[in-house]
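Trainee: Below are the structure tokens for one structure; questions will follow.
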Amino acid sequence: RDKTTTPAALARPMREEYVYESPPLPPDEDVYSEKIPAAVELLISYLEVAGLSTDDLFGGDPTVRELNDVIGSLSSGRTRDVAAVCRGSAQLAAASLAAYIRSLPEPLVGPPHYEALCAAVDIEPYGERVASVRDTLGGMPESTQTVLHRLFRFLSTLASRSAARGNSAEALAQVWTAMITPTYERGRALLRNEFRLVGLLLQQYACIFEGSLDAYEAPELPLPATLAGGGGNWVRTKASLLRDSQGWARRTRRVVRDSPPPPHTLSLSLSHTHTHTHTRT
């Protein structure tokens, strides 16, 4: 639901229709810029304290103007007080984090690594699947790796430690698959593998991002009903407000048909990877 079309939103004299596009992450050759944007670090640090006890942390439905106010205040350096700018609302802080990530000029999991990552989740045995995902992520720009590392450290902690309702790994995967993957149209096979990829990042965070040598094989997260049952538009209905960023139209030019993911060219042998992973059953 897009709250910019509600009566209250329409009544505002200066209605904001889009979440502002976030600045691009710094390139590898820029050794002086922080790899994690200030707004992202501040929001995650706040949520690590305030979010664990909040039911359905990413289930808030703020207005576009509220999101822009929070992101603008933190990004500009006007304040570092997330609690104040979010008026004590962990859900507003969580939605602002998702909006910032979704509004990056390029998705965190996008070309040229997107296809290889989607293909990697089909690899058997399990240990080679984890190793392939880890090694593919290792080929991304340093800033992208750093942001994904910081983000999934928080999300995996939230999924494992939060006693509040609505913060399970399955619930978080449904939200964050839409936040870090491309916005262009693609088929159900890719949508399913996107969800499976995010589930794997949550379940095997320590091995994929921190070099842990232990990868306990875990059952895959169950697919959302709309994906398991053949529906293909769940990404557009979930968190639709956060997808309405100014850069969305520019990023929808490429269309991927409903076909199997292209075969990847990564070595499937653990002897050809960085020996961070082994599987216990």
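Labels used: A, B, ... for chains in the order of the structure tokens, numbers from 1 for residues in each chain, and numbers from 1 for ligands as shown.
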May I have the residues within 12 Å of Cys207 (chain A) as a PDB file with N, CA, C and O atoms, in the first residue's frame, using only C-alpha atoms and disregarding those fewer than 3 positions away in the same chain?

Mentor:
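The result, written out as selection-v6.pdb:
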```pdb
ATOM      1  N   GLY A 127      27.862 -27.767   1.322  1.00  0.00           N
ATOM      2  CA  GLY A 127      29.087 -27.032   1.614  1.00  0.00           C
ATOM      3  C   GLY A 127      29.595 -26.263   0.415  1.00  0.00           C
ATOM      4  O   GLY A 127      30.081 -25.136   0.544  1.00  0.00           O
ATOM      5  N   GLU A 128      29.492 -26.859  -0.763  1.00  0.00           N
ATOM      6  CA  GLU A 128      29.927 -26.166  -1.975  1.00  0.00           C
ATOM      7  C   GLU A 128      28.991 -25.016  -2.318  1.00  0.00           C
ATOM      8  O   GLU A 128      29.415 -24.003  -2.881  1.00  0.00           O
ATOM      9  N   ARG A 129      27.719 -25.166  -1.979  1.00  0.00           N
ATOM     10  CA  ARG A 129      26.762 -24.062  -2.190  1.00  0.00           C
ATOM     11  C   ARG A 129      27.165 -22.848  -1.363  1.00  0.00           C
ATOM     12  O   ARG A 129      27.244 -21.722  -1.885  1.00  0.00           O
ATOM     13  N   VAL A 130      27.444 -23.072  -0.085  1.00  0.00           N
ATOM     14  CA  VAL A 130      27.845 -21.971   0.797  1.00  0.00           C
ATOM     15  C   VAL A 130      29.153 -21.354   0.316  1.00  0.00           C
ATOM     16  O   VAL A 130      29.305 -20.125   0.270  1.00  0.00           O
ATOM     17  N   ALA A 131      30.104 -22.208  -0.074  1.00  0.00           N
ATOM     18  CA  ALA A 131      31.400 -21.714  -0.527  1.00  0.00           C
ATOM     19  C   ALA A 131      31.259 -20.888  -1.803  1.00  0.00           C
ATOM     20  O   ALA A 131      31.927 -19.866  -1.980  1.00  0.00           O
ATOM     21  N   SER A 132      30.389 -21.312  -2.714  1.00  0.00           N
ATOM     22  CA  SER A 132      30.203 -20.587  -3.967  1.00  0.00           C
ATOM     23  C   SER A 132      29.596 -19.209  -3.722  1.00  0.00           C
ATOM     24  O   SER A 132      30.018 -18.211  -4.320  1.00  0.00           O
ATOM     25  N   VAL A 133      28.608 -19.138  -2.832  1.00  0.00           N
ATOM     26  CA  VAL A 133      28.026 -17.842  -2.485  1.00  0.00           C
ATOM     27  C   VAL A 133      29.078 -16.947  -1.849  1.00  0.00           C
ATOM     28  O   VAL A 133      29.220 -15.769  -2.202  1.00  0.00           O
ATOM     29  N   ARG A 134      29.862 -17.499  -0.917  1.00  0.00           N
ATOM     30  CA  ARG A 134      30.895 -16.715  -0.250  1.00  0.00           C
ATOM     31  C   ARG A 134      31.916 -16.171  -1.240  1.00  0.00           C
ATOM     32  O   ARG A 134      32.297 -15.004  -1.198  1.00  0.00           O
ATOM     33  N   ASP A 135      32.348 -17.014  -2.156  1.00  0.00           N
ATOM     34  CA  ASP A 135      33.377 -16.591  -3.095  1.00  0.00           C
ATOM     35  C   ASP A 135      32.851 -15.575  -4.099  1.00  0.00           C
ATOM     36  O   ASP A 135      33.569 -14.669  -4.517  1.00  0.00           O
ATOM     37  N   HIS A 149      27.852  -7.157   4.819  1.00  0.00           N
ATOM     38  CA  HIS A 149      28.369  -7.762   6.042  1.00  0.00           C
ATOM     39  C   HIS A 149      27.704  -7.132   7.270  1.00  0.00           C
ATOM     40  O   HIS A 149      27.192  -7.841   8.160  1.00  0.00           O
ATOM     41  N   PHE A 152      23.771  -7.934   7.344  1.00  0.00           N
ATOM     42  CA  PHE A 152      23.379  -9.300   7.684  1.00  0.00           C
ATOM     43  C   PHE A 152      23.883  -9.719   9.055  1.00  0.00           C
ATOM     44  O   PHE A 152      23.327 -10.648   9.656  1.00  0.00           O
ATOM     45  N   ARG A 153      24.899  -9.064   9.577  1.00  0.00           N
ATOM     46  CA  ARG A 153      25.253  -9.313  10.975  1.00  0.00           C
ATOM     47  C   ARG A 153      24.093  -8.908  11.875  1.00  0.00           C
ATOM     48  O   ARG A 153      23.732  -9.638  12.813  1.00  0.00           O
ATOM     49  N   LEU A 200      19.861 -18.128   2.876  1.00  0.00           N
ATOM     50  CA  LEU A 200      21.183 -18.703   3.119  1.00  0.00           C
ATOM     51  C   LEU A 200      22.115 -17.690   3.774  1.00  0.00           C
ATOM     52  O   LEU A 200      22.888 -18.027   4.674  1.00  0.00           O
ATOM     53  N   LEU A 201      22.051 -16.430   3.347  1.00  0.00           N
ATOM     54  CA  LEU A 201      22.876 -15.393   3.963  1.00  0.00           C
ATOM     55  C   LEU A 201      22.533 -15.221   5.439  1.00  0.00           C
ATOM     56  O   LEU A 201      23.418 -14.972   6.270  1.00  0.00           O
ATOM     57  N   LEU A 202      21.260 -15.361   5.781  1.00  0.00           N
ATOM     58  CA  LEU A 202      20.850 -15.264   7.180  1.00  0.00           C
ATOM     59  C   LEU A 202      21.311 -16.483   7.974  1.00  0.00           C
ATOM     60  O   LEU A 202      21.821 -16.363   9.090  1.00  0.00           O
ATOM     61  N   GLN A 203      21.150 -17.675   7.402  1.00  0.00           N
ATOM     62  CA  GLN A 203      21.458 -18.902   8.124  1.00  0.00           C
ATOM     63  C   GLN A 203      22.966 -19.140   8.256  1.00  0.00           C
ATOM     64  O   GLN A 203      23.420 -19.700   9.249  1.00  0.00           O
ATOM     65  N   GLN A 204      23.725 -18.752   7.240  1.00  0.00           N
ATOM     66  CA  GLN A 204      25.167 -19.035   7.213  1.00  0.00           C
ATOM     67  C   GLN A 204      25.986 -17.748   7.231  1.00  0.00           C
ATOM     68  O   GLN A 204      27.057 -17.671   6.644  1.00  0.00           O
ATOM     69  N   GLU A 210      32.245 -14.034   7.693  1.00  0.00           N
ATOM     70  CA  GLU A 210      33.283 -13.914   8.713  1.00  0.00           C
ATOM     71  C   GLU A 210      34.294 -15.050   8.700  1.00  0.00           C
ATOM     72  O   GLU A 210      35.149 -15.132   9.591  1.00  0.00           O
ATOM     73  N   GLY A 211      34.235 -15.918   7.696  1.00  0.00           N
ATOM     74  CA  GLY A 211      35.254 -16.942   7.547  1.00  0.00           C
ATOM     75  C   GLY A 211      35.180 -18.080   8.528  1.00  0.00           C
ATOM     76  O   GLY A 211      36.165 -18.793   8.722  1.00  0.00           O
ATOM     77  N   SER A 212      34.025 -18.291   9.157  1.00  0.00           N
ATOM     78  CA  SER A 212      33.888 -19.425  10.061  1.00  0.00           C
ATOM     79  C   SER A 212      34.085 -20.728   9.289  1.00  0.00           C
ATOM     80  O   SER A 212      33.668 -20.857   8.140  1.00  0.00           O
ATOM     81  N   LEU A 213      34.719 -21.699   9.915  1.00  0.00           N
ATOM     82  CA  LEU A 213      34.964 -22.986   9.264  1.00  0.00           C
ATOM     83  C   LEU A 213      33.818 -23.966   9.445  1.00  0.00           C
ATOM     84  O   LEU A 213      33.851 -25.063   8.901  1.00  0.00           O
ATOM     85  N   ASP A 214      32.818 -23.592  10.224  1.00  0.00           N
ATOM     86  CA  ASP A 214      31.690 -24.485  10.493  1.00  0.00           C
ATOM     87  C   ASP A 214      30.447 -24.002   9.764  1.00  0.00           C
ATOM     88  O   ASP A 214      29.976 -22.896   9.987  1.00  0.00           O
ATOM     89  N   ALA A 215      29.925 -24.844   8.877  1.00  0.00           N
ATOM     90  CA  ALA A 215      28.677 -24.554   8.183  1.00  0.00           C
ATOM     91  C   ALA A 215      27.726 -25.712   8.429  1.00  0.00           C
ATOM     92  O   ALA A 215      27.779 -26.725   7.740  1.00  0.00           O
ATOM     93  N   TYR A 216      26.898 -25.602   9.437  1.00  0.00           N
ATOM     94  CA  TYR A 216      25.943 -26.652   9.747  1.00  0.00           C
ATOM     95  C   TYR A 216      24.812 -26.604   8.735  1.00  0.00           C
ATOM     96  O   TYR A 216      24.169 -25.573   8.557  1.00  0.00           O
ATOM     97  N   GLU A 217      24.568 -27.725   8.084  1.00  0.00           N
ATOM     98  CA  GLU A 217      23.525 -27.750   7.071  1.00  0.00           C
ATOM     99  C   GLU A 217      22.173 -27.554   7.737  1.00  0.00           C
ATOM    100  O   GLU A 217      21.814 -28.279   8.666  1.00  0.00           O
ATOM    101  N   HIS A 274      38.279 -20.909  -0.965  1.00  0.00           N
ATOM    102  CA  HIS A 274      39.177 -20.404   0.071  1.00  0.00           C
ATOM    103  C   HIS A 274      39.158 -21.234   1.355  1.00  0.00           C
ATOM    104  O   HIS A 274      39.575 -20.755   2.395  1.00  0.00           O
ATOM    105  N   THR A 275      38.633 -22.437   1.304  1.00  0.00           N
ATOM    106  CA  THR A 275      38.675 -23.386   2.421  1.00  0.00           C
ATOM    107  C   THR A 275      38.138 -22.789   3.710  1.00  0.00           C
ATOM    108  O   THR A 275      38.628 -23.055   4.792  1.00  0.00           O
ATOM    109  N   HIS A 276      37.085 -21.945   3.582  1.00  0.00           N
ATOM    110  CA  HIS A 276      36.444 -21.430   4.791  1.00  0.00           C
ATOM    111  C   HIS A 276      35.318 -22.347   5.250  1.00  0.00           C
ATOM    112  O   HIS A 276      34.810 -22.175   6.339  1.00  0.00           O
ATOM    113  N   THR A 277      34.869 -23.273   4.422  1.00  0.00           N
ATOM    114  CA  THR A 277      33.602 -23.950   4.674  1.00  0.00           C
ATOM    115  C   THR A 277      33.762 -25.456   4.708  1.00  0.00           C
ATOM    116  O   THR A 277      34.420 -26.023   3.856  1.00  0.00           O
ATOM    117  N   HIS A 278      33.179 -26.086   5.703  1.00  0.00           N
ATOM    118  CA  HIS A 278      32.905 -27.509   5.593  1.00  0.00           C
ATOM    119  C   HIS A 278      31.561 -27.770   6.220  1.00  0.00           C
ATOM    120  O   HIS A 278      31.044 -26.959   6.966  1.00  0.00           O
ATOM    121  N   THR A 279      30.941 -28.876   5.906  1.00  0.00           N
ATOM    122  CA  THR A 279      29.571 -29.132   6.302  1.00  0.00           C
ATOM    123  C   THR A 279      29.508 -30.227   7.347  1.00  0.00           C
ATOM    124  O   THR A 279      30.176 -31.244   7.213  1.00  0.00           O
TER     125      THR A 279
END
```

Trainee: Using only C-alpha atoms, which of A:Ala119, A:Ala169, A:Ile180, A:Ala99 sits nearest Leu223 (chain A)?

Mentor: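 Of all the options, A:Ala169 lies closest to Leu223 (chain A).
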
Trainee: Which residue out of A:Ser143, A:Ser73, A:Thr181, A:Ser45 has the minimum interatomic distance to Glu29 (chain A) when only C-alpha atoms are used?

Mentor: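 So, comparing all the options, the nearest one is A:Ser143.
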
Trainee: With distances taken over only C-alpha atoms, which residue among A:Arg102, A:Lys35, A:Arg196, A:Arg78 lies nearest Leu227 (chain A)?

Mentor: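 Under the stated criterion, the closest residue is A:Arg196.
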
Trainee: Any idea what the distance is between CA of Asn68 (chain A) and CA of Leu97 (chain A)?

Mentor: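 Interatomic distance, CA of Asn68 (chain A) to CA of Leu97 (chain A): 11.0 Å.
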
Trainee: Please compute the CA of Val49 (chain A)-CA of Leu155 (chain A) distance, one decimal, in Å.

Mentor: 12.6 Å

Trainee: Would you list, as a ChimeraX atom specification, the residues of region 117-246 of chain A that end up in alpha helix (DSSP H) under DSSP run on this structure's backbone?

Mentor: /A:117-120,126-137,142-161,169-180,188-203,205-210,225-228,234-237,240-243

Trainee: Which one is closest to Thr136 (chain A): A:Asp122, A:Asp55, A:Glu115, A:Glu48? Count only C-alpha atoms.

Mentor: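 Selected residue with least distance to Thr136 (chain A): A:Glu115.
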
Trainee: Do a neighbour search on Arg80 (chain A) at 12 Å with only C-alpha atoms, toss out local chain neighbours closer than 2 positions, and write the hits as a list of chain:residue names.

Mentor: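 Near Arg80 (chain A), the qualifying residues are A:Ala38, A:Ala39, A:Val40, A:Glu41, A:Leu42, A:Leu43, A:Ser45, A:Tyr46, A:Val70, A:Ile71, A:Gly72, A:Ser73, A:Leu74, A:Ser75, A:Ser76, A:Gly77, A:Arg78, A:Val82, A:Ala83, A:Ala84, A:Val85, A:Cys86.
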
Trainee: Restricting the calculation to only C-alpha atoms: of A:Ala116, A:Val121, A:Leu104, A:Leu47, which residue gets closest to Ala90 (chain A)?

Mentor: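 Residue with the minimum atom-to-atom distance to Ala90 (chain A): A:Leu47.
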
Trainee: Just the number, please: distance in Å from CA of Ser162 (chain A) to CA of Asp56 (chain A), one decimal.

Mentor: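 Computed distance, CA of Ser162 (chain A) to CA of Asp56 (chain A), equals 10.3 Å.
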
Trainee: Choose the residue, out of A:Ser160, A:Ala120, A:Glu142, A:Pro37, that has the smallest atom-to-atom separation from Asn193 (chain A); count only C-alpha atoms.

Mentor: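 Smallest separation from Asn193 (chain A) among the options: A:Ala120.
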
Trainee: Could you give me, as a list in words, the residues within 10 Å of Gly166 (chain A), counting only C-alpha atoms and dropping anything in the same chain fewer than 2 positions from it?

Mentor: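 So the residues in contact are Thr54, Asp55, Asp56, Leu57, Phe58, Gly59, Ala159, Ser162, Ala163, Ala164, Ser168, Ala169, Glu170, Ala171 and Leu172 of chain A.
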